[in-house]
Amino acid sequence: MRPLETQVAVVGAGAAGLYVALCAAREGARVSLISAMPLAESSSYWAQGGLAAALREDDSPERHFDDTVAAGRGMVRESAAHILAVQAPAAVEDLTQLGLRFDADRRGRLALGLEGGHSARRIVHAGGAATGRRLIRELSALVAQDDRIEILEGRRATAVLKADSEQRCAGVQLDGGQQIRAAAVVLATGGAAALWSRTTNPAGATGSGLLLAHRAGATLADLEMLQFHPTAVASPNGADGFLVTEAIRGEGARLLDQSGERFVDELAPRDEVARAIGRRMLDTHAPSVDLDMRAVDPALFPNVVTALRRAGIDPERELVPVAPAAHYMMGGIATDIEGRASLPGLYAVGECSCTGLHGANRLASNSLTECFVFGRRAAHAATAEPDPPQLPRDPAGGPPPPLSAGSREALWRYAGLERDRTGLEQLADDPYPLVRLIASSALARAESRGAHQRRDFPECDPALDHRHVTIAENGPPELAEWR
Ligand SMILES: Cc1cc2nc3c(=O)[nH]c(=O)nc-3n(C[C@H](O)[C@H](O)[C@H](O)COP(=O)(O)OP(=O)(O)OC[C@H]3O[C@@H](n4cnc5c(N)ncnc54)[C@H](O)[C@@H]3O)c2cc1C
């Protein structure tokens, strides 16, 4: 089979992949966009809240930066947070120029929502809580119209190809053996929260890009940092794991325990709220707590209300049973602030990447913004890569082993909201490689911080501030300092 040739190969068609493809094409590059799944199966499609950007007169990028750093619990890479906060307004402007219509208030100004950990209203949204759906629909249409972008839909990347002659990425291999030679490969394959059995993520979010990068020798980082969303529906009626956006708590919804008592500040950062719910469930032996959104205007969140009604819950009259679920992988393929991975020619953007921006706890709605801010930077750097080297004569690798329900259950049990050495060691021989890498990262961080809570090390260790657990090919986890 003859290899295809392109300048930039983008793997993944969520918010990050679509936007990288558009930005690279705008810079005049030829782009191949590879997407394994139908568009509706990306996490981006399901995003409800929106994108965080400091746009109000009483807000500023400095405050957005401060909130990001505070939420990240001493582990945020400040250079990345600074870029995000400063460049977020321009990303919103660019999306608007591309034709995205964000929700406006009665005076025609952008309507900005409030979410946990934010000290100001700064969440831009579209169609109420249908932001992801609108974004993906618009960006996909633009990509489809662009002659410089070749779309390979329903195709899965199975290996990142490394040149024989030098330590450099030469392209990507797809299922069926098709190879694409490219000057730059941008992985935008999304997160890994669907590795856990209770999750808000679509089934495909199993970190495939992390494994491809790791096998090609790129460094991974912060795999122990998996954010649990506090309020996913806990119901046997088909809606289990459905996320009830934090923006609803921003509009006044309350969390109540079985006796109807409030027990947490609903707008505290996610790690605090998730942990408080987990503890209250343990104390009361209840499978969930209740979200009281009866006083929230249902017109603000039409698709959430519709989804709940479809599951037999009327949120205007009834309490909604909720419990934490695995939601967002803060760790991923270690990159610099231009999206460059440790293997030259390889880039990562969006949830599969780890710039260090989110530290130990992602601030709500910073992830979509990250896709756009860092997507643009990565596209710019990727289009400047020199001609690709020759493809390897004997490419290694094949698809990773299948992920079993047993591995997913084990990860939930032993690397869930709280973990300890004994449990994590149970994962050391798991058949799925990423489960083993997550467990060894969690073992290497002997402290509790943000999303990573160790029963056997309940305190935060200040000596680990700004330290990230990194894993290079075949190497043991190491603690690297990132600023
Ligand atoms: C229910 C829900 C609500 C959320 N709400 C918000 C929110 O309001 N605000 C916010 O900022 N964030 C939110 N998030 C998080 C945010 O949606 C994601 O972090 C972000 O959309 C990730 O975008 P992405 O492009 O990196 O990955 P994704 O959107 O997951 O896209 C990954 C793409 O890669 C493809 N892919 C994967 N592996 C391969 C492979 N081997 N070969 C080819 N293609 C592959 C997939 O098919 C998919 O197209 C939410 C997440 C969920 C699940």
# chains A, B, ... in the order shown; residues from 1 in each chain; ligands from 1
$ residues_around --residues "segment 353-365 of chain A" --least-positions-apart "5" --cutoff "8 Å" --atoms "only C-alpha atoms" --output "tab-separated table (two decimals) with all heavy atoms, in the first residue's frame"
chain	number	residue	atom	x	y	z
A	49	GLY	N	-20.84	23.25	29.79
A	49	GLY	CA	-20.65	24.57	30.39
A	49	GLY	C	-20.20	25.57	29.34
A	49	GLY	O	-20.97	26.46	28.94
A	50	GLY	N	-18.99	25.45	28.87
A	50	GLY	CA	-18.50	26.36	27.85
A	50	GLY	C	-17.01	26.57	27.95
A	50	GLY	O	-16.28	25.69	28.38
A	51	LEU	N	-16.58	27.78	27.52
A	51	LEU	CA	-15.14	28.11	27.52
A	51	LEU	C	-14.92	29.26	28.49
A	51	LEU	O	-15.67	30.24	28.45
A	51	LEU	CB	-14.68	28.68	26.21
A	51	LEU	CG	-14.72	28.11	24.85
A	51	LEU	CD1	-16.10	28.06	24.29
A	51	LEU	CD2	-13.83	28.94	23.99
A	52	ALA	N	-13.85	29.15	29.27
A	52	ALA	CA	-13.54	30.22	30.21
A	52	ALA	C	-12.68	31.28	29.52
A	52	ALA	O	-11.68	30.95	28.87
A	52	ALA	CB	-12.80	29.64	31.42
A	67	ASP	N	-7.11	32.27	39.55
A	67	ASP	CA	-8.08	31.21	39.84
A	67	ASP	C	-7.57	29.85	39.35
A	67	ASP	O	-7.75	28.83	40.01
A	67	ASP	CB	-9.43	31.51	39.16
A	67	ASP	CG	-10.12	32.73	39.79
A	67	ASP	OD1	-9.73	33.15	40.90
A	67	ASP	OD2	-11.06	33.26	39.15
A	68	THR	N	-6.92	29.86	38.18
A	68	THR	CA	-6.38	28.60	37.62
A	68	THR	C	-5.29	28.05	38.53
A	68	THR	O	-5.26	26.86	38.84
A	68	THR	CB	-5.80	28.87	36.20
A	68	THR	OG1	-6.85	29.40	35.39
A	68	THR	CG2	-5.23	27.62	35.57
A	69	VAL	N	-4.42	28.94	38.98
A	69	VAL	CA	-3.31	28.53	39.85
A	69	VAL	C	-3.84	28.03	41.20
A	69	VAL	O	-3.40	27.01	41.73
A	69	VAL	CB	-2.31	29.70	40.02
A	69	VAL	CG1	-1.30	29.41	41.12
A	69	VAL	CG2	-1.59	29.97	38.70
A	71	ALA	N	-6.82	26.75	41.88
A	71	ALA	CA	-7.52	25.46	41.73
A	71	ALA	C	-6.50	24.32	41.57
A	71	ALA	O	-6.73	23.21	42.05
A	71	ALA	CB	-8.45	25.49	40.52
A	72	GLY	N	-5.37	24.60	40.94
A	72	GLY	CA	-4.39	23.55	40.60
A	72	GLY	C	-3.51	23.09	41.74
A	72	GLY	O	-2.65	22.24	41.57
A	73	ARG	N	-3.70	23.67	42.95
A	73	ARG	CA	-3.08	23.16	44.19
A	73	ARG	C	-1.56	23.05	44.14
A	73	ARG	O	-0.99	21.97	44.38
A	73	ARG	CB	-3.63	21.77	44.53
A	73	ARG	CG	-5.13	21.65	44.46
A	73	ARG	CD	-5.75	22.23	45.71
A	73	ARG	NE	-7.18	21.98	45.74
A	73	ARG	CZ	-8.08	22.86	46.16
A	73	ARG	NH1	-7.72	24.04	46.56
A	73	ARG	NH2	-9.34	22.57	46.20
A	74	GLY	N	-0.90	24.16	43.74
A	74	GLY	CA	0.56	24.19	43.82
A	74	GLY	C	1.26	23.40	42.72
A	74	GLY	O	2.47	23.17	42.79
A	75	MET	N	0.50	23.01	41.70
A	75	MET	CA	1.14	22.20	40.65
A	75	MET	C	0.95	22.76	39.25
A	75	MET	O	1.33	22.13	38.27
A	75	MET	CB	0.55	20.79	40.71
A	75	MET	CG	1.57	19.73	41.10
A	75	MET	SD	0.82	18.13	41.01
A	75	MET	CE	0.79	17.81	39.26
A	76	VAL	N	0.33	23.94	39.15
A	76	VAL	CA	0.09	24.50	37.82
A	76	VAL	C	1.40	25.02	37.24
A	76	VAL	O	2.17	25.69	37.93
A	76	VAL	CB	-0.96	25.65	37.91
A	76	VAL	CG1	-0.99	26.48	36.64
A	76	VAL	CG2	-2.33	25.06	38.22
A	77	ARG	N	1.65	24.71	35.97
A	77	ARG	CA	2.81	25.31	35.30
A	77	ARG	C	2.40	26.73	34.92
A	77	ARG	O	1.53	26.92	34.05
A	77	ARG	CB	3.17	24.50	34.07
A	77	ARG	CG	4.47	24.92	33.44
A	77	ARG	CD	4.62	24.28	32.09
A	77	ARG	NE	5.87	23.59	31.96
A	77	ARG	CZ	6.15	22.77	30.98
A	77	ARG	NH1	5.25	22.51	30.07
A	77	ARG	NH2	7.32	22.20	30.90
A	78	GLU	N	3.01	27.69	35.58
A	78	GLU	CA	2.48	29.05	35.49
A	78	GLU	C	2.64	29.65	34.10
A	78	GLU	O	1.81	30.46	33.67
A	78	GLU	CB	3.12	29.92	36.57
A	78	GLU	CG	2.68	29.41	37.95
A	78	GLU	CD	3.11	30.26	39.11
A	78	GLU	OE1	3.81	31.28	38.89
A	78	GLU	OE2	2.76	29.90	40.26
A	80	ALA	N	2.14	28.16	31.32
A	80	ALA	CA	1.00	27.68	30.52
A	80	ALA	C	-0.29	28.40	30.96
A	80	ALA	O	-1.10	28.81	30.12
A	80	ALA	CB	0.84	26.17	30.68
A	81	ALA	N	-0.45	28.59	32.27
A	81	ALA	CA	-1.66	29.26	32.77
A	81	ALA	C	-1.70	30.71	32.31
A	81	ALA	O	-2.76	31.25	31.98
A	81	ALA	CB	-1.71	29.18	34.29
A	115	GLU	N	-18.89	29.35	37.20
A	115	GLU	CA	-18.67	27.95	37.59
A	115	GLU	C	-17.73	27.90	38.78
A	115	GLU	O	-17.05	28.88	39.10
A	115	GLU	CB	-18.12	27.15	36.41
A	115	GLU	CG	-19.14	26.99	35.29
A	115	GLU	CD	-18.70	26.04	34.19
A	115	GLU	OE1	-17.53	25.62	34.18
A	115	GLU	OE2	-19.54	25.73	33.34
A	116	GLY	N	-17.66	26.71	39.42
A	116	GLY	CA	-16.88	26.53	40.63
A	116	GLY	C	-15.42	26.95	40.45
A	116	GLY	O	-14.80	26.66	39.42
A	117	GLY	N	-14.88	27.64	41.44
A	117	GLY	CA	-13.46	28.02	41.42
A	117	GLY	C	-13.20	29.32	40.67
A	117	GLY	O	-12.09	29.86	40.73
A	118	HIS	N	-14.17	29.82	39.92
A	118	HIS	CA	-14.00	31.09	39.19
A	118	HIS	C	-14.46	32.24	40.08
A	118	HIS	O	-15.55	32.19	40.65
A	118	HIS	CB	-14.82	31.09	37.90
A	118	HIS	CG	-14.27	30.19	36.84
A	118	HIS	ND1	-13.27	30.58	35.98
A	118	HIS	CD2	-14.58	28.92	36.50
A	118	HIS	CE1	-12.98	29.57	35.15
A	118	HIS	NE2	-13.77	28.55	35.45
A	123	ILE	N	-17.79	32.28	31.77
A	123	ILE	CA	-17.97	31.10	30.93
A	123	ILE	C	-18.86	31.46	29.73
A	123	ILE	O	-20.05	31.76	29.87
A	123	ILE	CB	-18.61	29.92	31.71
A	123	ILE	CG1	-17.96	29.75	33.08
A	123	ILE	CG2	-18.53	28.65	30.88
A	123	ILE	CD1	-16.47	29.52	33.10
A	188	ALA	N	-4.58	14.61	18.93
A	188	ALA	CA	-5.68	15.35	19.59
A	188	ALA	C	-6.76	14.31	19.90
A	188	ALA	O	-7.93	14.47	19.57
A	188	ALA	CB	-6.20	16.45	18.67
A	220	LEU	N	5.18	10.79	29.11
A	220	LEU	CA	3.84	11.09	29.64
A	220	LEU	C	4.01	11.74	31.02
A	220	LEU	O	5.05	11.57	31.66
A	220	LEU	CB	3.01	9.81	29.78
A	220	LEU	CG	2.87	8.94	28.52
A	220	LEU	CD1	1.98	7.73	28.81
A	220	LEU	CD2	2.29	9.73	27.35
A	221	ALA	N	2.99	12.46	31.46
A	221	ALA	CA	3.10	13.12	32.77
A	221	ALA	C	1.75	13.18	33.48
A	221	ALA	O	0.69	13.18	32.85
A	221	ALA	CB	3.63	14.55	32.59
A	222	ASP	N	1.79	13.20	34.82
A	222	ASP	CA	0.63	13.47	35.69
A	222	ASP	C	-0.53	12.49	35.52
A	222	ASP	O	-1.70	12.88	35.67
A	222	ASP	CB	0.10	14.91	35.45
A	222	ASP	CG	1.07	15.98	35.91
A	222	ASP	OD1	2.05	15.65	36.60
A	222	ASP	OD2	0.84	17.16	35.58
A	225	MET	N	-3.37	12.20	38.00
A	225	MET	CA	-4.28	13.33	38.19
A	225	MET	C	-5.51	13.21	37.29
A	225	MET	O	-5.53	13.69	36.16
A	225	MET	CB	-3.55	14.65	37.91
A	225	MET	CG	-2.46	14.95	38.91
A	225	MET	SD	-3.17	15.10	40.59
A	225	MET	CE	-1.70	15.38	41.55
A	227	GLN	N	-9.50	13.97	37.20
A	227	GLN	CA	-10.53	14.73	37.91
A	227	GLN	C	-11.86	13.97	37.94
A	227	GLN	O	-12.30	13.46	36.91
A	227	GLN	CB	-10.74	16.06	37.21
A	227	GLN	CG	-11.74	16.95	37.90
A	227	GLN	CD	-11.72	18.36	37.32
A	227	GLN	OE1	-12.14	18.58	36.19
A	227	GLN	NE2	-11.22	19.31	38.08
A	246	GLU	N	-21.85	22.11	36.13
A	246	GLU	CA	-21.55	22.96	37.26
A	246	GLU	C	-22.22	24.33	37.14
A	246	GLU	O	-22.51	24.98	38.13
A	246	GLU	CB	-20.03	23.16	37.19
A	246	GLU	CG	-19.44	23.75	38.32
A	246	GLU	CD	-18.05	23.16	38.49
A	246	GLU	OE1	-17.71	22.11	37.93
A	246	GLU	OE2	-17.32	23.81	39.20
A	269	PRO	N	-13.88	24.51	44.39
A	269	PRO	CA	-13.29	23.76	43.29
A	269	PRO	C	-13.73	22.29	43.29
A	269	PRO	O	-14.11	21.74	44.32
A	269	PRO	CB	-11.78	23.90	43.53
A	269	PRO	CG	-11.65	25.18	44.27
A	269	PRO	CD	-12.87	25.26	45.14
A	270	ARG	N	-13.64	21.67	42.10
A	270	ARG	CA	-14.22	20.34	41.91
A	270	ARG	C	-13.69	19.28	42.85
A	270	ARG	O	-14.44	18.43	43.31
A	270	ARG	CB	-13.91	19.87	40.49
A	270	ARG	CG	-14.86	20.47	39.55
A	270	ARG	CD	-14.84	19.80	38.23
A	270	ARG	NE	-15.78	20.55	37.42
A	270	ARG	CZ	-15.75	20.63	36.12
A	270	ARG	NH1	-14.83	19.96	35.46
A	270	ARG	NH2	-16.65	21.32	35.48
A	271	ASP	N	-12.37	19.30	43.12
A	271	ASP	CA	-11.83	18.24	43.97
A	271	ASP	C	-12.50	18.28	45.35
A	271	ASP	O	-12.85	17.26	45.91
A	271	ASP	CB	-10.30	18.31	44.06
A	271	ASP	CG	-9.78	19.64	44.59
A	271	ASP	OD1	-10.52	20.64	44.54
A	271	ASP	OD2	-8.63	19.69	45.06
A	330	MET	N	-6.17	15.18	33.70
A	330	MET	CA	-5.27	16.34	33.71
A	330	MET	C	-3.90	15.96	33.13
A	330	MET	O	-3.19	16.78	32.56
A	330	MET	CB	-5.06	16.86	35.13
A	330	MET	CG	-6.01	17.94	35.53
A	330	MET	SD	-7.48	17.39	36.42
A	330	MET	CE	-6.90	16.62	37.86
A	331	GLY	N	-3.50	14.71	33.34
A	331	GLY	CA	-2.22	14.25	32.80
A	331	GLY	C	-2.34	13.92	31.33
A	331	GLY	O	-3.41	14.02	30.73
A	332	GLY	N	-1.23	13.49	30.73
A	332	GLY	CA	-1.25	13.14	29.31
A	332	GLY	C	0.15	13.13	28.73
A	332	GLY	O	1.13	12.90	29.43
A	333	ILE	N	0.21	13.45	27.43
A	333	ILE	CA	1.50	13.48	26.73
A	333	ILE	C	2.19	14.80	27.13
A	333	ILE	O	1.62	15.88	26.90
A	333	ILE	CB	1.27	13.42	25.21
A	333	ILE	CG1	0.48	12.16	24.85
A	333	ILE	CG2	2.60	13.48	24.45
A	333	ILE	CD1	-0.25	12.23	23.52
A	334	ALA	N	3.35	14.70	27.74
A	334	ALA	CA	4.02	15.92	28.23
A	334	ALA	C	4.41	16.79	27.04
A	334	ALA	O	5.03	16.31	26.09
A	334	ALA	CB	5.27	15.54	29.03
A	335	THR	N	4.01	18.07	27.09
A	335	THR	CA	4.38	18.98	26.00
A	335	THR	C	4.90	20.30	26.56
A	335	THR	O	4.64	20.64	27.71
A	335	THR	CB	3.17	19.35	25.10
A	335	THR	OG1	2.29	20.20	25.83
A	335	THR	CG2	2.43	18.14	24.60
A	336	ASP	N	5.56	21.05	25.68
A	336	ASP	CA	5.92	22.43	26.04
A	336	ASP	C	4.73	23.33	25.69
A	336	ASP	O	3.66	22.84	25.30
A	336	ASP	CB	7.22	22.86	25.35
A	336	ASP	CG	7.08	22.98	23.83
A	336	ASP	OD1	5.94	22.89	23.31
A	336	ASP	OD2	8.11	23.17	23.15
A	337	ILE	N	4.90	24.63	25.80
A	337	ILE	CA	3.75	25.52	25.62
A	337	ILE	C	3.40	25.74	24.14
A	337	ILE	O	2.46	26.47	23.84
A	337	ILE	CB	3.95	26.87	26.34
A	337	ILE	CG1	5.29	27.47	25.95
A	337	ILE	CG2	3.85	26.70	27.85
A	337	ILE	CD1	5.54	28.83	26.57
A	339	GLY	N	2.90	22.89	22.42
A	339	GLY	CA	2.32	21.57	22.13
A	339	GLY	C	3.33	20.52	21.68
A	339	GLY	O	2.94	19.42	21.28
A	348	ALA	N	1.00	17.34	20.80
A	348	ALA	CA	-0.24	16.89	21.43
A	348	ALA	C	-1.01	18.13	21.89
A	348	ALA	O	-0.42	19.09	22.38
A	348	ALA	CB	0.05	15.99	22.62
A	449	ARG	N	-3.05	15.53	47.05
A	449	ARG	CA	-3.07	16.87	46.46
A	449	ARG	C	-4.14	16.88	45.37
A	449	ARG	O	-4.13	16.03	44.47
A	449	ARG	CB	-1.70	17.16	45.84
A	449	ARG	CG	-1.53	18.53	45.23
A	449	ARG	CD	-0.21	18.62	44.49
A	449	ARG	NE	0.96	18.56	45.35
A	449	ARG	CZ	1.61	19.62	45.85
A	449	ARG	NH1	1.21	20.83	45.54
A	449	ARG	NH2	2.67	19.46	46.61
A	450	GLY	N	-5.07	17.82	45.44
A	450	GLY	CA	-6.08	17.96	44.39
A	450	GLY	C	-6.82	16.66	44.15
A	450	GLY	O	-7.39	16.06	45.06
A	451	ALA	N	-6.81	16.21	42.90
A	451	ALA	CA	-7.57	15.02	42.53
A	451	ALA	C	-6.94	13.73	43.05
A	451	ALA	O	-7.58	12.68	43.02
A	451	ALA	CB	-7.67	14.94	41.01
A	452	HIS	N	-5.69	13.80	43.48
A	452	HIS	CA	-4.97	12.59	43.90
A	452	HIS	C	-4.98	12.52	45.43
A	452	HIS	O	-4.22	13.21	46.10
A	452	HIS	CB	-3.54	12.67	43.36
A	452	HIS	CG	-2.63	11.58	43.84
A	452	HIS	ND1	-2.77	10.27	43.45
A	452	HIS	CD2	-1.57	11.61	44.68
A	452	HIS	CE1	-1.83	9.54	44.04
A	452	HIS	NE2	-1.08	10.33	44.79
A	482	TRP	N	8.52	21.54	36.95
A	482	TRP	CA	8.05	22.36	35.82
A	482	TRP	C	7.64	23.71	36.35
A	482	TRP	O	6.92	23.80	37.33
A	482	TRP	CB	6.82	21.75	35.16
A	482	TRP	CG	7.03	20.46	34.42
A	482	TRP	CD1	8.18	19.72	34.33
A	482	TRP	CD2	6.03	19.75	33.68
A	482	TRP	NE1	7.95	18.59	33.58
A	482	TRP	CE2	6.65	18.58	33.17
A	482	TRP	CE3	4.69	19.97	33.40
A	482	TRP	CZ2	5.96	17.65	32.40
A	482	TRP	CZ3	4.00	19.05	32.63
A	482	TRP	CH2	4.64	17.91	32.12
$ closest_atom_pairs --of "chain A" --to "ligand 1" --cutoff "6 Å" --atoms "only C-alpha atoms and all ligand atoms" --output "CSV"
residue,atom,partner,partner_atom_place_in_ligand_line,distance
A:Val11,CA,ligand 1,43 (C),5.1
A:Gly12,CA,ligand 1,34 (O),3.2
A:Ala13,CA,ligand 1,49 (O),3.7
A:Gly14,CA,ligand 1,31 (O),3.5
A:Ala15,CA,ligand 1,25 (O),4.0
A:Ala16,CA,ligand 1,25 (O),3.7
A:Gly17,CA,ligand 1,25 (O),5.5
A:Ile34,CA,ligand 1,43 (C),5.3
A:Ser35,CA,ligand 1,44 (N),3.9
A:Ala36,CA,ligand 1,44 (N),3.9
A:Met37,CA,ligand 1,47 (O),3.9
A:Leu39,CA,ligand 1,49 (O),5.9
A:Ser42,CA,ligand 1,29 (O),4.0
A:Ser43,CA,ligand 1,30 (O),3.9
A:Ser44,CA,ligand 1,21 (O),3.1
A:Trp46,CA,ligand 1,1 (C),4.7
A:Ala47,CA,ligand 1,5 (N),3.2
A:Gln48,CA,ligand 1,8 (O),4.1
A:Gly49,CA,ligand 1,8 (O),3.0
A:Gly50,CA,ligand 1,8 (O),4.1
A:Leu51,CA,ligand 1,11 (O),5.2
A:Arg155,CA,ligand 1,43 (C),6.0
A:Arg156,CA,ligand 1,42 (N),3.6
A:Ala157,CA,ligand 1,42 (N),3.8
A:Thr158,CA,ligand 1,41 (N),5.9
A:Ala188,CA,ligand 1,26 (O),5.3
A:Thr189,CA,ligand 1,34 (O),3.4
A:Gly190,CA,ligand 1,27 (O),3.2
A:Gly191,CA,ligand 1,30 (O),5.8
A:Thr200,CA,ligand 1,53 (C),5.1
A:Asn201,CA,ligand 1,53 (C),4.1
A:Ser208,CA,ligand 1,38 (N),5.1
A:Gly209,CA,ligand 1,38 (N),5.8
A:Leu243,CA,ligand 1,1 (C),5.3
A:Gly350,CA,ligand 1,26 (O),3.5
A:Glu351,CA,ligand 1,26 (O),4.0
A:Cys352,CA,ligand 1,26 (O),5.9
A:Ser365,CA,ligand 1,11 (O),3.1
A:Asn366,CA,ligand 1,11 (O),4.7
A:Ser367,CA,ligand 1,11 (O),3.8
A:Leu368,CA,ligand 1,11 (O),3.7
$ write_last_selection --atoms "C-alpha atoms" --output "tab-separated table (two decimals), in the first residue's frame"
chain	number	residue	atom	x	y	z
A	11	VAL	CA	-5.29	12.55	14.83
A	12	GLY	CA	-8.70	13.21	16.45
A	13	ALA	CA	-11.67	15.37	15.47
A	14	GLY	CA	-12.86	16.86	18.76
A	15	ALA	CA	-12.51	20.56	19.48
A	16	ALA	CA	-8.70	20.36	19.55
A	17	GLY	CA	-8.23	18.34	16.35
A	34	ILE	CA	-7.92	11.30	11.03
A	35	SER	CA	-10.93	10.47	13.20
A	36	ALA	CA	-11.72	7.03	14.55
A	37	MET	CA	-15.26	7.75	15.67
A	39	LEU	CA	-18.19	13.15	15.51
A	42	SER	CA	-15.96	12.97	21.12
A	43	SER	CA	-16.03	14.50	24.62
A	44	SER	CA	-16.12	17.89	22.93
A	46	TRP	CA	-20.90	16.66	25.11
A	47	ALA	CA	-19.33	19.76	26.70
A	48	GLN	CA	-22.10	21.62	28.49
A	49	GLY	CA	-20.65	24.57	30.39
A	50	GLY	CA	-18.50	26.36	27.85
A	51	LEU	CA	-15.14	28.11	27.52
A	155	ARG	CA	-9.96	5.48	10.55
A	156	ARG	CA	-7.97	4.74	13.70
A	157	ALA	CA	-4.31	5.65	14.23
A	158	THR	CA	-2.50	2.54	15.49
A	188	ALA	CA	-5.68	15.35	19.59
A	189	THR	CA	-7.14	12.04	20.72
A	190	GLY	CA	-8.91	13.26	23.88
A	191	GLY	CA	-8.91	12.02	27.44
A	200	THR	CA	-19.07	11.01	32.27
A	201	ASN	CA	-17.04	10.37	29.12
A	208	SER	CA	-5.36	5.78	22.94
A	209	GLY	CA	-3.12	8.71	21.98
A	243	LEU	CA	-23.16	15.06	33.70
A	350	GLY	CA	-6.37	19.16	24.07
A	351	GLU	CA	-7.16	16.62	26.75
A	352	CYS	CA	-4.52	14.10	25.59
A	365	SER	CA	-14.22	25.20	31.49
A	366	ASN	CA	-10.48	25.77	31.08
A	367	SER	CA	-10.26	22.64	28.92
A	368	LEU	CA	-12.19	23.83	25.88
$ select_by_dssp --residues "segment 72-275 of chain A" --states "helix (DSSP H, G or I)" --output "JSON, numbers by chain"
{"A": [78, 79, 80, 81, 82, 83, 84, 85, 86, 87, 88, 89, 90, 91, 92, 93, 94, 95, 96, 97, 131, 132, 133, 134, 135, 136, 137, 138, 139, 140, 141, 142, 143, 144, 145, 175, 176, 177, 193, 194, 195, 208, 209, 210, 211, 212, 213, 214, 215, 246, 247, 248, 249, 250, 270, 271, 272, 273, 274, 275]}
$ residues_around --residues "segment 93-109 of chain A" --least-positions-apart "3" --cutoff "6 Å" --atoms "only C-alpha atoms" --output "MDAnalysis selection string"
chainID A and resid 90 125:126
$ residues_around --residues "Leu346 of chain A" --least-positions-apart "3" --cutoff "9 Å" --atoms "only C-alpha atoms" --output "NGL selection string"
:A and (160 or 168-171 or 183-187 or 213 or 218 or 339-343 or 382)
$ write_last_selection --atoms "C-alpha atoms" --output "PDB file, in the first residue's frame"
ATOM      1  CA  VAL A 160       3.185   6.937  15.668  1.00  0.00           C
ATOM      2  CA  ARG A 168      12.166  11.957  15.053  1.00  0.00           C
ATOM      3  CA  CYS A 169       8.506  11.373  14.230  1.00  0.00           C
ATOM      4  CA  ALA A 170       8.025  10.493  10.543  1.00  0.00           C
ATOM      5  CA  GLY A 171       4.257  10.012  10.376  1.00  0.00           C
ATOM      6  CA  ALA A 183       6.388  16.657   8.749  1.00  0.00           C
ATOM      7  CA  ALA A 184       4.369  16.898  11.971  1.00  0.00           C
ATOM      8  CA  VAL A 185       1.878  14.624  13.695  1.00  0.00           C
ATOM      9  CA  VAL A 186      -0.541  16.316  16.106  1.00  0.00           C
ATOM     10  CA  LEU A 187      -2.285  13.964  18.522  1.00  0.00           C
ATOM     11  CA  ALA A 213       2.955   8.455  22.065  1.00  0.00           C
ATOM     12  CA  ALA A 218       7.403  10.276  24.102  1.00  0.00           C
ATOM     13  CA  GLY A 339       2.320  21.570  22.125  1.00  0.00           C
ATOM     14  CA  ARG A 340       5.656  19.871  21.309  1.00  0.00           C
ATOM     15  CA  ALA A 341       6.058  16.388  22.788  1.00  0.00           C
ATOM     16  CA  SER A 342       9.485  15.056  23.757  1.00  0.00           C
ATOM     17  CA  LEU A 343       9.780  13.247  20.385  1.00  0.00           C
ATOM     18  CA  ALA A 382       3.732  22.228  13.375  1.00  0.00           C
TER      19      ALA A 382
END
$ atom_distance --atom1 "atom CA of Pro38 of chain A" --atom2 "atom CA of Thr306 of chain A"
23.0 Å
